[in-house]
Amino acid sequence: MIRVLLAEDQYVVRGALAALLGLEADLEVVAAVESGDAAVSAALLHRPDVAVLDIDMPGGTLDGLAAAGELRLRLPSCRTLILTGYGKPGHLRRALGAQVDGFLLKTAPPEELVAAIRAVAGGRRVLDPSLAVTAWDLADNPLTPREADVLRLVAEGIDAAEIAGRLFLSAGTVRNYITAIVAKLNARNRIDAVRVAREAGWI
């Protein structure tokens, strides 16, 4: 019997997934929760073999990938399978970086999800076939760690003066970083640079 934890913020989807998996003789849903934080707590309590995590869960401090990272550290015996509605390169990059065991689109047929859970439980890694080409096309991050720090703060809507204070830099240096970031990403402006970096999974 494969013990499965489900984490999905949409109640109807979570219920449908639990019902679907409950039809399989070798799968047992031991917990169904609505956030990444709840997934980690429930996993430590129920010790599932596989955690099926939605990548985007707005409730709590952890999204699906962050929860997968926590589970890898705190419950290494639990394998992780990420579900996403979109095959964005940035999501895939983060998933590969987090060393999740599986990455599947929500548009996959039910039998593919069930097969993926069984494969992941058996120690294999699973990547949605439609995302395989995307995995090859992932570009290297052109940003330095400091540029990424600056851009993350820009993404929060913080101005150059406050960024300078937080990072112990001069406001002029921060402006120079922002100019360099926009140029490196071939962006139109700082807002476009945030968009480009987020889609690529660099911030």
# chains A, B, ... in the order shown; residues from 1 in each chain; ligands from 1
>>> select_by_dssp(residues="stretch 12-91 of chain A", states="helix (DSSP H, G or I)", output="ChimeraX atom specification")
/A:12-22,36-46,64-74,89-91
>>> residues_around(residues="A:Thr173", least_positions_apart="4", cutoff="10 Å", atoms="only C-alpha atoms", output="list in words")
Ala160, Ala164, Leu169, Tyr177, Ile178 and Thr179 of chain A
>>> residues_around(residues="A:Pro110", least_positions_apart="5", cutoff="12 Å", atoms="only C-alpha atoms", output="list in words")
Ala16, Leu17, Ala18, Ala19, Leu20, Leu21, Leu23, Glu24, Leu104, Leu105, Ala115, Ala116 and Ile117 of chain A
>>> residues_around(residues="A:Asp140", least_positions_apart="3", cutoff="10 Å", atoms="only C-alpha atoms", output="list in words")
Arg93, Asp137, Leu143, Ala200 and Trp202 of chain A
>>> closest_residue(among="A:Ala119, A:Gly69, A:Val50, A:Glu199", to="A:Leu96", atoms="only C-alpha atoms")
A:Gly69
>>> residues_around(residues="stretch 55-63 of chain A", least_positions_apart="6", cutoff="9 Å", atoms="only C-alpha atoms", output="VMD selection string")
chain A and resid 7 to 10 34 to 38 82 to 85 91
>>> write_last_selection(atoms="N, CA, C and O atoms", output="PDB file, in the first residue's frame")
ATOM      1  N   ALA A   7      -1.680  17.924  -1.255  1.00  0.00           N
ATOM      2  CA  ALA A   7      -1.724  19.333  -0.861  1.00  0.00           C
ATOM      3  C   ALA A   7      -2.163  20.141  -2.080  1.00  0.00           C
ATOM      4  O   ALA A   7      -1.464  20.190  -3.083  1.00  0.00           O
ATOM      5  N   GLU A   8      -3.354  20.727  -1.973  1.00  0.00           N
ATOM      6  CA  GLU A   8      -3.967  21.489  -3.073  1.00  0.00           C
ATOM      7  C   GLU A   8      -4.875  22.533  -2.430  1.00  0.00           C
ATOM      8  O   GLU A   8      -5.712  22.192  -1.596  1.00  0.00           O
ATOM      9  N   ASP A   9      -4.695  23.809  -2.800  1.00  0.00           N
ATOM     10  CA  ASP A   9      -5.445  24.860  -2.106  1.00  0.00           C
ATOM     11  C   ASP A   9      -6.909  24.932  -2.521  1.00  0.00           C
ATOM     12  O   ASP A   9      -7.733  25.470  -1.778  1.00  0.00           O
ATOM     13  N   GLN A  10      -7.274  24.421  -3.697  1.00  0.00           N
ATOM     14  CA  GLN A  10      -8.666  24.486  -4.133  1.00  0.00           C
ATOM     15  C   GLN A  10      -9.426  23.261  -3.617  1.00  0.00           C
ATOM     16  O   GLN A  10      -9.101  22.127  -3.961  1.00  0.00           O
ATOM     17  N   GLU A  34      -4.505  22.017   2.526  1.00  0.00           N
ATOM     18  CA  GLU A  34      -4.723  23.143   1.623  1.00  0.00           C
ATOM     19  C   GLU A  34      -3.512  24.049   1.429  1.00  0.00           C
ATOM     20  O   GLU A  34      -3.579  25.000   0.667  1.00  0.00           O
ATOM     21  N   SER A  35      -2.389  23.770   2.095  1.00  0.00           N
ATOM     22  CA  SER A  35      -1.237  24.665   1.970  1.00  0.00           C
ATOM     23  C   SER A  35       0.068  23.899   2.132  1.00  0.00           C
ATOM     24  O   SER A  35       0.087  22.763   2.631  1.00  0.00           O
ATOM     25  N   GLY A  36       1.158  24.562   1.737  1.00  0.00           N
ATOM     26  CA  GLY A  36       2.472  23.949   1.885  1.00  0.00           C
ATOM     27  C   GLY A  36       2.845  23.746   3.344  1.00  0.00           C
ATOM     28  O   GLY A  36       3.431  22.722   3.713  1.00  0.00           O
ATOM     29  N   ASP A  37       2.504  24.731   4.186  1.00  0.00           N
ATOM     30  CA  ASP A  37       2.796  24.618   5.613  1.00  0.00           C
ATOM     31  C   ASP A  37       2.081  23.409   6.215  1.00  0.00           C
ATOM     32  O   ASP A  37       2.667  22.625   6.973  1.00  0.00           O
ATOM     33  N   ALA A  38       0.787  23.278   5.854  1.00  0.00           N
ATOM     34  CA  ALA A  38       0.000  22.159   6.370  1.00  0.00           C
ATOM     35  C   ALA A  38       0.524  20.831   5.839  1.00  0.00           C
ATOM     36  O   ALA A  38       0.469  19.809   6.527  1.00  0.00           O
ATOM     37  N   ILE A  82       5.242  17.078  -7.854  1.00  0.00           N
ATOM     38  CA  ILE A  82       4.679  18.416  -8.005  1.00  0.00           C
ATOM     39  C   ILE A  82       3.656  18.434  -9.139  1.00  0.00           C
ATOM     40  O   ILE A  82       3.911  17.909 -10.229  1.00  0.00           O
ATOM     41  N   LEU A  83       2.503  19.051  -8.875  1.00  0.00           N
ATOM     42  CA  LEU A  83       1.487  19.267  -9.907  1.00  0.00           C
ATOM     43  C   LEU A  83       1.441  20.750 -10.240  1.00  0.00           C
ATOM     44  O   LEU A  83       1.465  21.595  -9.342  1.00  0.00           O
ATOM     45  N   THR A  84       1.372  21.075 -11.522  1.00  0.00           N
ATOM     46  CA  THR A  84       1.285  22.482 -11.922  1.00  0.00           C
ATOM     47  C   THR A  84       0.286  22.647 -13.060  1.00  0.00           C
ATOM     48  O   THR A  84       0.127  21.753 -13.892  1.00  0.00           O
ATOM     49  N   GLY A  85      -0.359  23.805 -13.060  1.00  0.00           N
ATOM     50  CA  GLY A  85      -1.296  24.093 -14.144  1.00  0.00           C
ATOM     51  C   GLY A  85      -0.593  24.603 -15.388  1.00  0.00           C
ATOM     52  O   GLY A  85      -1.155  24.601 -16.475  1.00  0.00           O
ATOM     53  N   HIS A  91       9.160  27.436 -13.247  1.00  0.00           N
ATOM     54  CA  HIS A  91       8.673  26.424 -12.311  1.00  0.00           C
ATOM     55  C   HIS A  91       9.489  25.143 -12.452  1.00  0.00           C
ATOM     56  O   HIS A  91       9.857  24.515 -11.456  1.00  0.00           O
TER      57      HIS A  91
END
